[in-house]
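S.K.: You'll find run18.tsv just under this line, and it carries TSV, C-alpha atoms.
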chain	number	residue	atom	x	y	z
Y	235	MET	CA	-53.35	-166.59	-86.19
Y	236	ILE	CA	-55.00	-163.26	-87.02
Y	237	TYR	CA	-54.17	-160.63	-84.41
Y	238	LEU	CA	-56.95	-158.11	-83.75
Y	239	ASP	CA	-56.05	-156.95	-80.23
Y	240	ALA	CA	-54.07	-153.78	-80.92
Y	241	ASN	CA	-55.45	-151.94	-77.89
Y	242	ALA	CA	-53.74	-154.54	-75.70
Y	243	THR	CA	-50.49	-154.09	-77.60
Y	244	GLU	CA	-49.63	-153.21	-81.18
Y	245	PRO	CA	-47.31	-155.40	-83.25
Y	246	LEU	CA	-43.77	-154.04	-83.22
Y	247	ARG	CA	-43.17	-151.65	-86.10
Y	248	PRO	CA	-40.08	-152.26	-88.29
Y	249	GLU	CA	-38.75	-148.76	-87.54
Y	250	SER	CA	-39.15	-149.40	-83.82
Y	251	ARG	CA	-37.40	-152.77	-83.98
Y	252	LEU	CA	-34.43	-151.28	-85.85
Y	253	ALA	CA	-34.08	-148.39	-83.40
Y	254	ALA	CA	-34.15	-150.78	-80.44
Y	255	LEU	CA	-31.49	-153.03	-81.98
Y	256	GLU	CA	-29.21	-150.05	-82.56
Y	257	ALA	CA	-29.68	-148.90	-78.97
Y	258	LEU	CA	-28.87	-152.38	-77.67
Y	259	ASP	CA	-25.38	-151.92	-79.12
Y	260	CYS	CA	-24.92	-148.76	-77.04
Y	261	VAL	CA	-23.29	-150.08	-73.87
Y	262	GLY	CA	-23.14	-146.86	-71.82
Y	263	ASN	CA	-25.39	-145.64	-69.01
Y	264	PRO	CA	-26.97	-142.28	-69.92
Y	265	SER	CA	-25.90	-140.90	-66.53
Y	266	SER	CA	-22.22	-141.78	-66.96
Y	267	PRO	CA	-19.85	-138.92	-67.90
Y	268	HIS	CA	-17.48	-140.93	-70.12
Y	269	LYS	CA	-17.71	-141.35	-73.88
Y	270	ALA	CA	-19.95	-144.43	-73.81
Y	271	GLY	CA	-22.27	-142.72	-71.36
Y	272	ARG	CA	-22.39	-139.59	-73.48
Y	273	ALA	CA	-23.34	-141.68	-76.51
Y	274	ALA	CA	-26.19	-143.24	-74.58
Y	275	ARG	CA	-27.23	-139.83	-73.32
Y	276	ALA	CA	-27.34	-138.51	-76.87
Y	277	LEU	CA	-29.76	-141.28	-77.86
Y	278	LEU	CA	-31.93	-140.54	-74.82
Y	279	ASP	CA	-31.96	-136.79	-75.47
Y	280	ASP	CA	-32.82	-137.32	-79.13
Y	281	ALA	CA	-35.75	-139.57	-78.22
Y	282	ARG	CA	-36.97	-137.04	-75.65
Y	283	LYS	CA	-36.79	-134.21	-78.16
Y	284	ARG	CA	-38.66	-136.19	-80.82
Y	285	VAL	CA	-41.48	-137.20	-78.48
Y	286	SER	CA	-41.76	-133.69	-77.04
Y	287	THR	CA	-41.87	-132.05	-80.46
Y	288	ARG	CA	-44.55	-134.44	-81.68
Y	289	LEU	CA	-46.82	-133.95	-78.68
Y	290	GLY	CA	-46.31	-130.28	-77.93
Y	291	VAL	CA	-44.32	-130.16	-74.70
Y	292	HIS	CA	-40.95	-128.75	-73.66
Y	293	PRO	CA	-38.29	-131.51	-73.61
Y	294	ASP	CA	-37.66	-130.79	-69.92
Y	295	ASN	CA	-41.24	-131.88	-69.25
Y	296	CYS	CA	-41.11	-135.29	-70.92
Y	297	VAL	CA	-40.63	-137.80	-68.10
Y	298	PHE	CA	-39.85	-141.30	-69.32
Y	299	THR	CA	-41.42	-144.14	-67.33
Y	300	SER	CA	-41.80	-147.91	-67.63
Y	301	GLY	CA	-45.18	-147.53	-69.36
Y	302	GLY	CA	-48.63	-146.02	-69.24
Y	303	THR	CA	-49.56	-147.41	-65.84
Y	304	GLU	CA	-46.54	-145.84	-64.17
Y	305	ALA	CA	-47.10	-142.55	-65.99
Y	306	ASN	CA	-50.72	-142.40	-64.84
Y	307	THR	CA	-49.85	-143.46	-61.30
Y	308	LEU	CA	-47.09	-140.87	-61.05
Y	309	ALA	CA	-49.48	-138.13	-62.14
Y	310	VAL	CA	-52.22	-139.11	-59.69
Y	311	LYS	CA	-49.90	-139.61	-56.73
Y	312	ALA	CA	-47.74	-136.54	-57.37
Y	313	VAL	CA	-50.44	-134.07	-58.38
Y	314	GLY	CA	-53.25	-135.52	-56.28
Y	315	ARG	CA	-51.52	-134.87	-52.96
Y	316	ASN	CA	-53.78	-132.60	-50.89
Y	317	ARG	CA	-56.28	-132.26	-53.75
Y	318	ARG	CA	-59.76	-133.53	-54.42
Y	319	ILE	CA	-59.39	-136.30	-56.98
Y	320	LEU	CA	-62.15	-136.52	-59.58
Y	321	ILE	CA	-62.00	-139.59	-61.81
Y	322	GLY	CA	-64.20	-140.51	-64.76
Y	323	ALA	CA	-66.27	-143.65	-64.23
Y	324	THR	CA	-64.86	-145.32	-67.35
Y	325	GLU	CA	-61.18	-144.65	-66.66
Y	326	HIS	CA	-58.60	-147.43	-66.90
Y	327	ASP	CA	-57.61	-149.14	-63.65
Y	328	ALA	CA	-54.19	-147.51	-63.99
Y	329	VAL	CA	-55.97	-144.29	-62.97
Y	330	ARG	CA	-58.83	-145.73	-60.91
Y	331	LYS	CA	-56.47	-147.56	-58.56
Y	332	ALA	CA	-53.70	-144.98	-58.42
Y	333	ALA	CA	-55.03	-142.93	-55.53
Y	334	ASP	CA	-53.68	-143.82	-52.08
Y	335	ASP	CA	-56.01	-145.48	-49.62
Y	336	GLY	CA	-57.86	-142.87	-47.62
Y	337	GLU	CA	-57.67	-140.15	-50.28
Y	338	LEU	CA	-60.96	-138.62	-51.26
Y	339	VAL	CA	-61.93	-139.83	-54.72
Y	340	GLU	CA	-65.11	-138.68	-56.43
Y	341	TRP	CA	-66.43	-140.51	-59.49
Y	342	LEU	CA	-67.59	-138.57	-62.51
Y	343	PRO	CA	-70.49	-140.15	-64.43
Y	344	VAL	CA	-70.57	-140.67	-68.17
Y	345	LEU	CA	-73.44	-140.30	-70.62
Y	346	PRO	CA	-75.00	-143.40	-72.22
Y	347	ASP	CA	-72.71	-142.95	-75.24
Y	348	GLY	CA	-69.66	-143.26	-72.95
Y	349	THR	CA	-68.48	-139.64	-73.03
Y	350	ILE	CA	-67.89	-137.74	-69.81
Y	351	ASP	CA	-70.92	-135.91	-68.41
Y	352	LEU	CA	-69.75	-132.29	-68.69
Y	353	ALA	CA	-72.69	-130.91	-66.71
Y	354	ALA	CA	-71.93	-133.27	-63.84
Y	355	LEU	CA	-68.25	-132.31	-63.96
Y	356	GLU	CA	-69.11	-128.63	-63.82
Y	357	LYS	CA	-71.39	-129.15	-60.80
Y	358	THR	CA	-68.81	-131.30	-59.02
Y	359	LEU	CA	-66.08	-128.71	-59.51
Y	360	ALA	CA	-68.37	-125.96	-58.26
Y	361	ARG	CA	-69.25	-127.81	-55.02
Y	362	SER	CA	-65.93	-126.95	-53.41
Y	363	GLU	CA	-63.24	-124.32	-53.72
Y	364	ALA	CA	-60.56	-126.87	-52.78
Y	365	ALA	CA	-57.97	-127.57	-55.46
Y	366	ALA	CA	-58.88	-130.54	-57.64
Y	367	LEU	CA	-57.19	-133.09	-59.87
Y	368	VAL	CA	-59.48	-134.17	-62.73
Y	369	CYS	CA	-58.67	-137.40	-64.58
Y	370	VAL	CA	-60.45	-137.93	-67.91
Y	371	MET	CA	-59.04	-140.18	-70.64
Y	372	LEU	CA	-58.79	-139.06	-74.24
Y	373	ALA	CA	-59.94	-142.37	-75.77
Y	374	ASN	CA	-61.41	-145.31	-73.91
Y	375	ASN	CA	-59.45	-148.53	-74.12
Y	376	GLU	CA	-62.56	-150.76	-74.31
Y	377	THR	CA	-65.01	-148.84	-76.48
Y	378	GLY	CA	-62.73	-146.41	-78.32
Y	379	VAL	CA	-65.03	-143.55	-77.28
Y	380	ILE	CA	-63.26	-140.18	-77.55
Y	381	ASN	CA	-63.93	-137.65	-74.81
Y	382	PRO	CA	-64.35	-133.89	-75.45
Y	383	ILE	CA	-61.10	-133.07	-73.66
Y	384	GLU	CA	-60.96	-129.46	-74.81
Y	385	ASP	CA	-64.36	-128.86	-73.16
Y	386	VAL	CA	-63.18	-130.64	-70.02
Y	387	ALA	CA	-60.05	-128.47	-70.00
Y	388	SER	CA	-62.17	-125.32	-70.26
Y	389	LEU	CA	-64.15	-126.29	-67.17
Y	390	CYS	CA	-60.96	-127.12	-65.29
Y	391	ARG	CA	-59.37	-123.78	-66.12
Y	392	LYS	CA	-62.36	-121.91	-64.68
Y	393	THR	CA	-61.78	-123.47	-61.27
Y	394	GLY	CA	-58.00	-123.88	-61.33
Y	395	ALA	CA	-58.25	-127.68	-61.45
Y	396	TRP	CA	-55.36	-129.75	-62.83
Y	397	LEU	CA	-56.41	-131.90	-65.79
Y	398	HIS	CA	-54.63	-135.20	-66.27
Y	399	VAL	CA	-55.35	-137.09	-69.49
Y	400	ASP	CA	-54.71	-140.78	-69.99
Y	401	ALA	CA	-53.90	-140.78	-73.71
Y	402	VAL	CA	-52.45	-144.30	-73.81
Y	403	GLN	CA	-54.97	-145.52	-76.42
Y	404	ALA	CA	-55.10	-142.26	-78.33
Y	405	VAL	CA	-51.48	-141.39	-79.10
Y	406	GLY	CA	-50.65	-142.41	-82.65
Y	407	ARG	CA	-54.31	-142.75	-83.60
Y	408	VAL	CA	-55.77	-139.26	-83.02
Y	409	SER	CA	-54.28	-135.85	-82.34
Y	410	ALA	CA	-52.86	-135.74	-78.81
Y	411	ASP	CA	-51.02	-132.41	-78.71
Y	412	ILE	CA	-51.07	-131.40	-75.05
Y	413	GLY	CA	-51.39	-127.70	-75.82
Y	414	THR	CA	-54.31	-128.14	-78.19
Y	415	LEU	CA	-56.09	-130.41	-75.72
Y	416	GLY	CA	-55.51	-127.97	-72.87
Y	417	ALA	CA	-54.30	-130.69	-70.51
Y	418	ASP	CA	-51.82	-130.17	-67.69
Y	419	SER	CA	-50.41	-133.68	-67.95
Y	420	LEU	CA	-50.73	-136.59	-70.34
Y	421	ALA	CA	-49.73	-140.27	-70.16
Y	422	LEU	CA	-48.65	-142.48	-73.05
Y	423	SER	CA	-47.19	-145.96	-73.58
Y	424	GLY	CA	-44.89	-146.98	-76.43
Y	425	HIS	CA	-46.20	-150.48	-77.07
Y	426	LYS	CA	-49.69	-149.14	-77.73
Y	427	PHE	CA	-48.52	-147.60	-81.03
Y	428	GLY	CA	-45.92	-150.10	-82.15
Y	429	GLY	CA	-42.94	-149.63	-79.85
Y	430	MET	CA	-41.30	-152.08	-77.48
Y	431	LYS	CA	-42.97	-152.91	-74.20
Y	432	GLY	CA	-41.27	-151.28	-71.23
Y	433	ALA	CA	-41.35	-147.54	-71.95
Y	434	GLY	CA	-43.92	-144.80	-71.57
Y	435	ALA	CA	-43.93	-141.13	-70.67
Y	436	LEU	CA	-45.67	-138.56	-68.54
Y	437	LEU	CA	-45.84	-135.24	-70.39
Y	438	LEU	CA	-46.29	-132.00	-68.46
Y	439	ALA	CA	-47.47	-128.65	-69.80
Y	440	GLY	CA	-45.29	-125.58	-69.35
Y	441	ASP	CA	-42.04	-124.07	-70.58
Y	442	ALA	CA	-40.14	-124.56	-67.32
Y	443	PRO	CA	-39.43	-127.93	-65.71
Y	444	VAL	CA	-42.43	-128.98	-63.60
Y	445	VAL	CA	-41.44	-130.28	-60.17
Y	446	LEU	CA	-43.13	-133.53	-59.15
Y	447	HIS	CA	-42.72	-135.58	-55.98
Y	448	PRO	CA	-41.33	-138.89	-57.30
Y	449	MET	CA	-42.71	-142.33	-56.50
Y	450	GLN	CA	-39.11	-143.54	-56.57
Y	451	ALA	CA	-36.31	-141.08	-56.03
Y	452	GLY	CA	-33.41	-143.36	-56.89
Y	453	GLY	CA	-30.47	-141.58	-58.45
Y	454	GLY	CA	-32.46	-138.51	-59.44
Y	455	GLN	CA	-32.87	-139.34	-63.12
Y	456	GLU	CA	-35.58	-137.56	-65.16
Y	457	ARG	CA	-34.87	-134.33	-63.26
Y	458	GLY	CA	-35.60	-136.05	-59.98
Y	459	ARG	CA	-39.12	-137.05	-60.97
Y	460	ARG	CA	-38.44	-140.73	-61.75
Y	461	GLY	CA	-35.31	-142.37	-60.42
Y	462	GLY	CA	-33.71	-145.39	-62.08
Y	463	THR	CA	-31.59	-146.01	-65.16
Y	464	GLN	CA	-33.68	-145.35	-68.26
Y	465	ALA	CA	-34.64	-148.34	-70.45
Y	466	LEU	CA	-32.82	-146.91	-73.46
Y	467	PRO	CA	-33.74	-149.51	-76.14
Y	468	ALA	CA	-37.45	-149.29	-75.23
Y	469	ILE	CA	-37.36	-145.49	-75.13
Y	470	VAL	CA	-35.74	-145.03	-78.54
Y	471	SER	CA	-38.13	-147.68	-79.83
Y	472	LEU	CA	-41.02	-145.60	-78.49
Y	473	ALA	CA	-39.76	-142.48	-80.28
Y	474	ALA	CA	-39.30	-144.34	-83.57
Y	475	ALA	CA	-42.77	-145.89	-83.31
Y	476	LEU	CA	-44.34	-142.51	-82.63
Y	477	ASP	CA	-42.65	-141.01	-85.68
Y	478	ALA	CA	-43.82	-143.93	-87.82
Y	479	ALA	CA	-47.38	-143.76	-86.53
Y	480	LEU	CA	-47.66	-140.03	-87.17
Y	481	ASP	CA	-45.75	-140.01	-90.48
Y	482	GLN	CA	-47.75	-142.93	-91.89
Y	483	PRO	CA	-51.28	-142.36	-90.62
Y	484	VAL	CA	-53.98	-144.87	-91.48
Y	485	ASP	CA	-57.74	-144.72	-91.19
Y	486	PHE	CA	-59.51	-147.98	-90.46
Y	487	THR	CA	-62.97	-146.45	-90.16
Y	488	GLY	CA	-64.23	-148.41	-93.18
Y	489	LEU	CA	-62.94	-151.73	-91.84
Y	490	ARG	CA	-64.26	-150.99	-88.36
Y	491	ASP	CA	-67.68	-150.14	-89.73
Y	492	ARG	CA	-67.77	-153.37	-91.77
Y	493	ILE	CA	-67.25	-155.32	-88.55
Y	494	ASN	CA	-69.90	-153.29	-86.75
Y	495	ALA	CA	-72.46	-153.75	-89.53
Y	496	ALA	CA	-71.93	-157.50	-89.64
Y	497	ALA	CA	-72.16	-157.80	-85.85
Y	498	SER	CA	-75.33	-155.70	-85.78
Y	499	CYS	CA	-76.92	-158.06	-88.31
Y	500	CYS	CA	-76.17	-160.87	-85.84
Y	501	GLY	CA	-78.11	-159.03	-83.14
Y	502	ALA	CA	-75.14	-157.43	-81.38
Y	503	THR	CA	-75.01	-153.98	-79.81
Y	504	ILE	CA	-72.12	-151.67	-80.76
Y	505	CYS	CA	-71.13	-150.00	-77.50
Y	506	GLY	CA	-70.58	-146.25	-77.83
Y	507	GLU	CA	-71.77	-146.27	-81.42
Y	508	ASP	CA	-73.28	-142.78	-81.14
Y	509	ALA	CA	-70.07	-141.14	-79.88
Y	510	PRO	CA	-66.85	-140.20	-81.69
Y	511	ARG	CA	-64.61	-143.28	-81.52
Y	512	LEU	CA	-61.15	-144.47	-82.44
Y	513	HIS	CA	-61.13	-145.63	-86.04
Y	514	ASN	CA	-59.63	-149.00	-85.10
Y	515	THR	CA	-61.85	-150.03	-82.16
Y	516	SER	CA	-65.16	-151.90	-81.95
Y	517	CYS	CA	-66.79	-152.99	-78.70
Y	518	ILE	CA	-69.44	-155.56	-79.58
Y	519	ALA	CA	-71.95	-156.99	-77.09
Y	520	LEU	CA	-73.86	-160.12	-78.10
Y	521	PRO	CA	-76.96	-160.57	-75.89
Y	522	GLY	CA	-77.09	-163.83	-73.98
Y	523	VAL	CA	-73.53	-164.91	-74.81
Y	524	ARG	CA	-70.82	-164.39	-72.20
Y	525	SER	CA	-67.63	-162.70	-73.30
Y	526	GLU	CA	-65.46	-165.68	-72.42
Y	527	ALA	CA	-67.54	-168.02	-74.59
Y	528	GLN	CA	-67.08	-165.69	-77.56
Y	529	LEU	CA	-63.35	-165.35	-76.95
Y	530	ILE	CA	-62.86	-169.12	-76.79
Y	531	ALA	CA	-64.86	-169.70	-79.96
Y	532	LEU	CA	-63.00	-167.03	-81.90
Y	533	ASP	CA	-59.62	-168.15	-80.56
Y	534	LEU	CA	-60.32	-171.67	-81.79
Y	535	GLU	CA	-60.93	-170.17	-85.23
Y	536	GLY	CA	-57.55	-168.40	-85.07
Y	537	PHE	CA	-58.61	-164.84	-84.12
Y	538	CYS	CA	-57.08	-162.92	-81.21
Y	539	VAL	CA	-59.54	-160.43	-79.69
Y	540	SER	CA	-60.24	-159.51	-76.08
Y	541	ALA	CA	-62.88	-158.63	-73.53
Y	542	GLY	CA	-62.28	-155.18	-72.07
Y	543	SER	CA	-58.86	-154.28	-70.70
Y	544	ALA	CA	-55.90	-156.62	-71.12
Y	545	CYS	CA	-54.39	-155.25	-67.91
Y	546	SER	CA	-56.41	-157.31	-65.43
Y	547	SER	CA	-54.20	-160.39	-64.99
Y	548	GLY	CA	-55.97	-162.25	-67.77
Y	549	LYS	CA	-59.33	-162.12	-66.03
Y	550	VAL	CA	-62.56	-161.98	-68.02
Y	551	GLY	CA	-65.60	-160.48	-66.35
Y	552	GLY	CA	-68.19	-157.76	-66.49
Y	553	SER	CA	-66.86	-154.44	-67.74
Y	554	HIS	CA	-66.99	-151.46	-65.39
Y	555	VAL	CA	-66.87	-149.28	-68.51
Y	556	LEU	CA	-70.03	-150.75	-70.01
Y	557	ALA	CA	-71.73	-150.83	-66.61
Y	558	ALA	CA	-71.05	-147.10	-66.21
Y	559	MET	CA	-72.67	-146.57	-69.62
Y	560	GLY	CA	-75.85	-148.24	-68.31
Y	561	LEU	CA	-75.60	-151.36	-70.47
Y	562	GLY	CA	-76.58	-153.72	-67.65
Y	563	ASP	CA	-76.18	-157.43	-68.46
Y	564	LEU	CA	-74.43	-156.58	-71.73
Y	565	ALA	CA	-71.41	-155.57	-69.65
Y	566	GLY	CA	-70.55	-159.27	-69.41
Y	567	ASN	CA	-71.30	-160.06	-73.06
Y	568	ALA	CA	-68.89	-157.77	-74.91
Y	569	ILE	CA	-65.71	-158.35	-76.86
Y	570	ARG	CA	-63.28	-155.77	-78.17
Y	571	VAL	CA	-61.90	-155.91	-81.69
Y	572	SER	CA	-59.01	-153.46	-82.15
Y	573	LEU	CA	-57.29	-153.32	-85.52
Y	574	PRO	CA	-53.46	-153.15	-85.57
Y	575	TRP	CA	-51.41	-150.95	-87.89
Y	576	ASN	CA	-50.71	-153.91	-90.22
Y	577	VAL	CA	-54.25	-155.32	-90.49
Y	578	THR	CA	-55.53	-156.29	-93.96
Y	579	GLU	CA	-58.96	-156.40	-95.54
Y	580	ALA	CA	-58.60	-160.19	-95.72
Y	581	ASP	CA	-58.07	-160.30	-91.94
Y	582	VAL	CA	-61.29	-158.37	-91.39
Y	583	SER	CA	-63.26	-160.47	-93.88
Y	584	GLY	CA	-62.05	-163.63	-92.16
Y	585	PHE	CA	-63.03	-162.28	-88.76
Y	586	ILE	CA	-66.51	-161.31	-89.93
Y	587	ALA	CA	-67.08	-164.83	-91.26
Y	588	ALA	CA	-65.85	-166.37	-88.00
Y	589	TYR	CA	-67.99	-164.02	-85.91
Y	590	GLU	CA	-71.11	-164.83	-87.93
Y	591	ARG	CA	-70.49	-168.56	-87.51
Y	592	MET	CA	-69.98	-168.12	-83.78
Y	593	ALA	CA	-73.13	-166.02	-83.41
Y	594	ARG	CA	-75.21	-168.57	-85.34
Y	595	ARG	CA	-73.94	-171.43	-83.17
Y	596	GLN	CA	-74.62	-169.55	-79.97
Y	597	SER	CA	-78.10	-168.57	-81.19
Y	598	ALA	CA	-78.86	-172.20	-82.02
Y	599	ARG	CA	-77.70	-173.33	-78.58
Y	600	SER	CA	-79.85	-170.68	-76.94
Y	601	SER	CA	-82.89	-171.76	-78.95
Y	602	ARG	CA	-82.37	-175.42	-78.00
Y	603	ALA	CA	-82.02	-174.46	-74.34
Y	604	GLN	CA	-85.36	-172.62	-74.48
Y	605	ILE	CA	-87.15	-175.49	-76.21
Y	606	ALA	CA	-85.76	-178.28	-74.00
Y	607	PRO	CA	-87.94	-177.62	-70.91
Y	608	ALA	CA	-91.13	-177.81	-72.98
Y	609	ASP	CA	-90.04	-181.15	-74.48
Y	610	GLN	CA	-89.30	-182.52	-71.05
Y	611	ILE	CA	-92.71	-181.52	-69.75
Y	612	GLY	CA	-94.37	-183.54	-72.54
Y	613	MET	CA	-92.39	-186.67	-71.75
Using the file provided, produce a representation of the structure as structure tokens.
M.R.:
Amino acid sequence: MIYLDANATEPLRPESRLAALEALDCVGNPSSPHKAGRAARALLDDARKRVSTRLGVHPDNCVFTSGGTEANTLAVKAVGRNRRILIGATEHDAVRKAADDGELVEWLPVLPDGTIDLAALEKTLARSEAAALVCVMLANNETGVINPIEDVASLCRKTGAWLHVDAVQAVGRVSADIGTLGADSLALSGHKFGGMKGAGALLLAGDAPVVLHPMQAGGGQERGRRGGTQALPAIVSLAAALDAALDQPVDFTGLRDRINAAASCCGATICGEDAPRLHNTSCIALPGVRSEAQLIALDLEGFCVSAGSACSSGKVGGSHVLAAMGLGDLAGNAIRVSLPWNVTEADVSGFIAAYERMARRQSARSSRAQIAPADQIGM
């Protein structure tokens, strides 16, 4: 099996595994005052400090959650109360579905290359003086397209809008310092950069603790913003994975471009090709061949790739991301190849060969299907 679905989840990094195993031996609850509890609390505080330092926030404004979906949902529900909510058309469902029923949500269009339409955002913000929450992701989970967040932040500052950034796919792959981006809040998820599943964080700008209305109050953990005992092994695993990802950066642009070139020669469209993109992500649409057919064929050859988001209960269908980019029928013909931190050149070469075989077979089937009616008419 060759795993090329890193945007769904990265393989666990050795540093992350070791940190989690050490935390599993820590029996205490971080909220307990006794010695075992204090030891657990020390691990939690260390992880919080490391994550905060890496991503440019005050430790008091690093709120640990169960993952990226909870972090995004907390931001939308807590900040979006009594605000206009403006959401990019290509956002992940963790953001798209976070608003409560009945809340006013306005959709922000994207350009054909997949980046947010800044002119449309500016006009939408100017239409009303009411406070707004703007949600624009840093890097798209399906196409890898990177949005101009600093420009988005500039427009938000002019109108006093709060900017929330879903950086789940970006952290560990591109710079995601909250201060440099100009965001007010930022969501991340540990397993997207090599940590354990089960931990994420909502980061908040500012030097003083930001007060948020919690989705679950519980025992008042995370300064009252997210109740519940923290998942300590997953959290320290997240911090270790983040350190490893940032201390050992890799650039897969060459491997990504090899895949894109080979797919283009097979007649495929590279979605978002003209925009800045994550170095590990290719979204490839093969005309006339449904995504599920491609996935099955490649899986039978031993390659794990996906179609769009992996967070849709295993469903395969047309992509709202590609539809928003104006790709029409191609929205149902795309697969995503996302290279993990431990990918090799041999893995990529093997995938290219398998993809070319699959494309040739599908092309032959399509040709036979077009010829068959004419043969039947002559019979």
S.K.: Counting all atoms listed in the file, which residues have an atom no more than 7 Å from (-54.5, -151.6, -81.8) in the file's coordinates? Please list them as a ChimeraX atom specification.
M.R.: /Y:239-244,426,514,572-575
S.K.: Please provide as an mmCIF file with C-alpha atoms, in the frame of the given file all residues within 12 Å of Gly314 in chain Y, with the sequence filter that same-chain residues fewer than 6 positions apart are discarded (counting only C-alpha atoms).
M.R.:
data_model
loop_
_atom_site.group_PDB
_atom_site.id
_atom_site.type_symbol
_atom_site.label_atom_id
_atom_site.label_comp_id
_atom_site.auth_asym_id
_atom_site.auth_seq_id
_atom_site.Cartn_x
_atom_site.Cartn_y
_atom_site.Cartn_z
ATOM 1 C CA ASN Y 306 -50.720 -142.400 -64.840
ATOM 2 C CA THR Y 307 -49.850 -143.460 -61.300
ATOM 3 C CA LEU Y 308 -47.090 -140.870 -61.050
ATOM 4 C CA LEU Y 320 -62.150 -136.520 -59.580
ATOM 5 C CA ILE Y 321 -62.000 -139.590 -61.810
ATOM 6 C CA VAL Y 329 -55.970 -144.290 -62.970
ATOM 7 C CA ALA Y 332 -53.700 -144.980 -58.420
ATOM 8 C CA ALA Y 333 -55.030 -142.930 -55.530
ATOM 9 C CA ASP Y 334 -53.680 -143.820 -52.080
ATOM 10 C CA GLU Y 337 -57.670 -140.150 -50.280
ATOM 11 C CA LEU Y 338 -60.960 -138.620 -51.260
ATOM 12 C CA VAL Y 339 -61.930 -139.830 -54.720
ATOM 13 C CA ALA Y 364 -60.560 -126.870 -52.780
ATOM 14 C CA ALA Y 365 -57.970 -127.570 -55.460
ATOM 15 C CA ALA Y 366 -58.880 -130.540 -57.640
ATOM 16 C CA LEU Y 367 -57.190 -133.090 -59.870
ATOM 17 C CA VAL Y 368 -59.480 -134.170 -62.730
ATOM 18 C CA CYS Y 369 -58.670 -137.400 -64.580
ATOM 19 C CA ALA Y 395 -58.250 -127.680 -61.450
ATOM 20 C CA TRP Y 396 -55.360 -129.750 -62.830
ATOM 21 C CA LEU Y 397 -56.410 -131.900 -65.790
ATOM 22 C CA HIS Y 398 -54.630 -135.200 -66.270
ATOM 23 C CA LEU Y 446 -43.130 -133.530 -59.150
ATOM 24 C CA HIS Y 447 -42.720 -135.580 -55.980
#
S.K.: Neighbours of range 554-567 of chain Y within 8 Å (all atoms listed in the file; same-chain residues fewer than 2 positions away dropped), as a list in words?
M.R.: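 Non-adjacent residues within range: Ala323, Thr324, Glu325, Pro343, Val344, Leu345, Pro346, Asp347, Gly348, Glu376, Cys505, Ala519, Leu520, Pro521, Gly522, Val523, Arg524, Ser525, Gly551, Gly552 and Ile569 of chain Y.
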S.K.: I need the residues from that last selection saved to file as a PDB file, in the frame of the given file (with C-alpha atoms), if you can.
M.R.:
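Below is the file selection37.pdb, written as the result:
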ATOM      1  CA  ALA Y 323     -66.270-143.650 -64.230  1.00  0.00           C
ATOM      2  CA  THR Y 324     -64.860-145.320 -67.350  1.00  0.00           C
ATOM      3  CA  GLU Y 325     -61.180-144.650 -66.660  1.00  0.00           C
ATOM      4  CA  PRO Y 343     -70.490-140.150 -64.430  1.00  0.00           C
ATOM      5  CA  VAL Y 344     -70.570-140.670 -68.170  1.00  0.00           C
ATOM      6  CA  LEU Y 345     -73.440-140.300 -70.620  1.00  0.00           C
ATOM      7  CA  PRO Y 346     -75.000-143.400 -72.220  1.00  0.00           C
ATOM      8  CA  ASP Y 347     -72.710-142.950 -75.240  1.00  0.00           C
ATOM      9  CA  GLY Y 348     -69.660-143.260 -72.950  1.00  0.00           C
ATOM     10  CA  GLU Y 376     -62.560-150.760 -74.310  1.00  0.00           C
ATOM     11  CA  CYS Y 505     -71.130-150.000 -77.500  1.00  0.00           C
ATOM     12  CA  ALA Y 519     -71.950-156.990 -77.090  1.00  0.00           C
ATOM     13  CA  LEU Y 520     -73.860-160.120 -78.100  1.00  0.00           C
ATOM     14  CA  PRO Y 521     -76.960-160.570 -75.890  1.00  0.00           C
ATOM     15  CA  GLY Y 522     -77.090-163.830 -73.980  1.00  0.00           C
ATOM     16  CA  VAL Y 523     -73.530-164.910 -74.810  1.00  0.00           C
ATOM     17  CA  ARG Y 524     -70.820-164.390 -72.200  1.00  0.00           C
ATOM     18  CA  SER Y 525     -67.630-162.700 -73.300  1.00  0.00           C
ATOM     19  CA  GLY Y 551     -65.600-160.480 -66.350  1.00  0.00           C
ATOM     20  CA  GLY Y 552     -68.190-157.760 -66.490  1.00  0.00           C
ATOM     21  CA  ILE Y 569     -65.710-158.350 -76.860  1.00  0.00           C
TER      22      ILE Y 569
END
S.K.: Counting all atoms listed in the file, which of Y:Arg288, Y:Tyr589, Y:Ala421, Y:Leu359 gets nearest to Ala475 in chain Y?
M.R.: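 Nearest candidate to Ala475 in chain Y out of Y:Arg288, Y:Tyr589, Y:Ala421, Y:Leu359: Y:Arg288.
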S.K.: Let me make sure I understand: among Y:Ile380, Y:Pro264, Y:Ser540, Y:Phe486, which one has the smallest atom-to-atom distance to Asp280 in chain Y if we use all atoms listed in the file?
M.R.: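 Result for the nearest residue to Asp280 in chain Y: Y:Pro264.
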S.K.: Of the candidates Y:Arg317, Y:Arg511, Y:Arg490, Y:Arg599, which one gets nearest to Leu372 in chain Y if we count only C-alpha atoms?
M.R.: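 Among the listed residues, Y:Arg511 lies closest to Leu372 in chain Y.
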S.K.: At a cut-off of 10 Å from (-34.0, -149.0, -70.4) in the coordinates of the file, what residues are picked up using all atoms listed in the file, written as an MDAnalysis selection string?
M.R.: chainID Y and resid 257:258 263:264 278 298:300 432:433 462:470
S.K.: Which is closer to Gly262 in chain Y than all the others in Y:Pro382, Y:Leu277, Y:Arg330, Y:Glu249, using only C-alpha atoms?
M.R.: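 Selected residue with least distance to Gly262 in chain Y: Y:Leu277.
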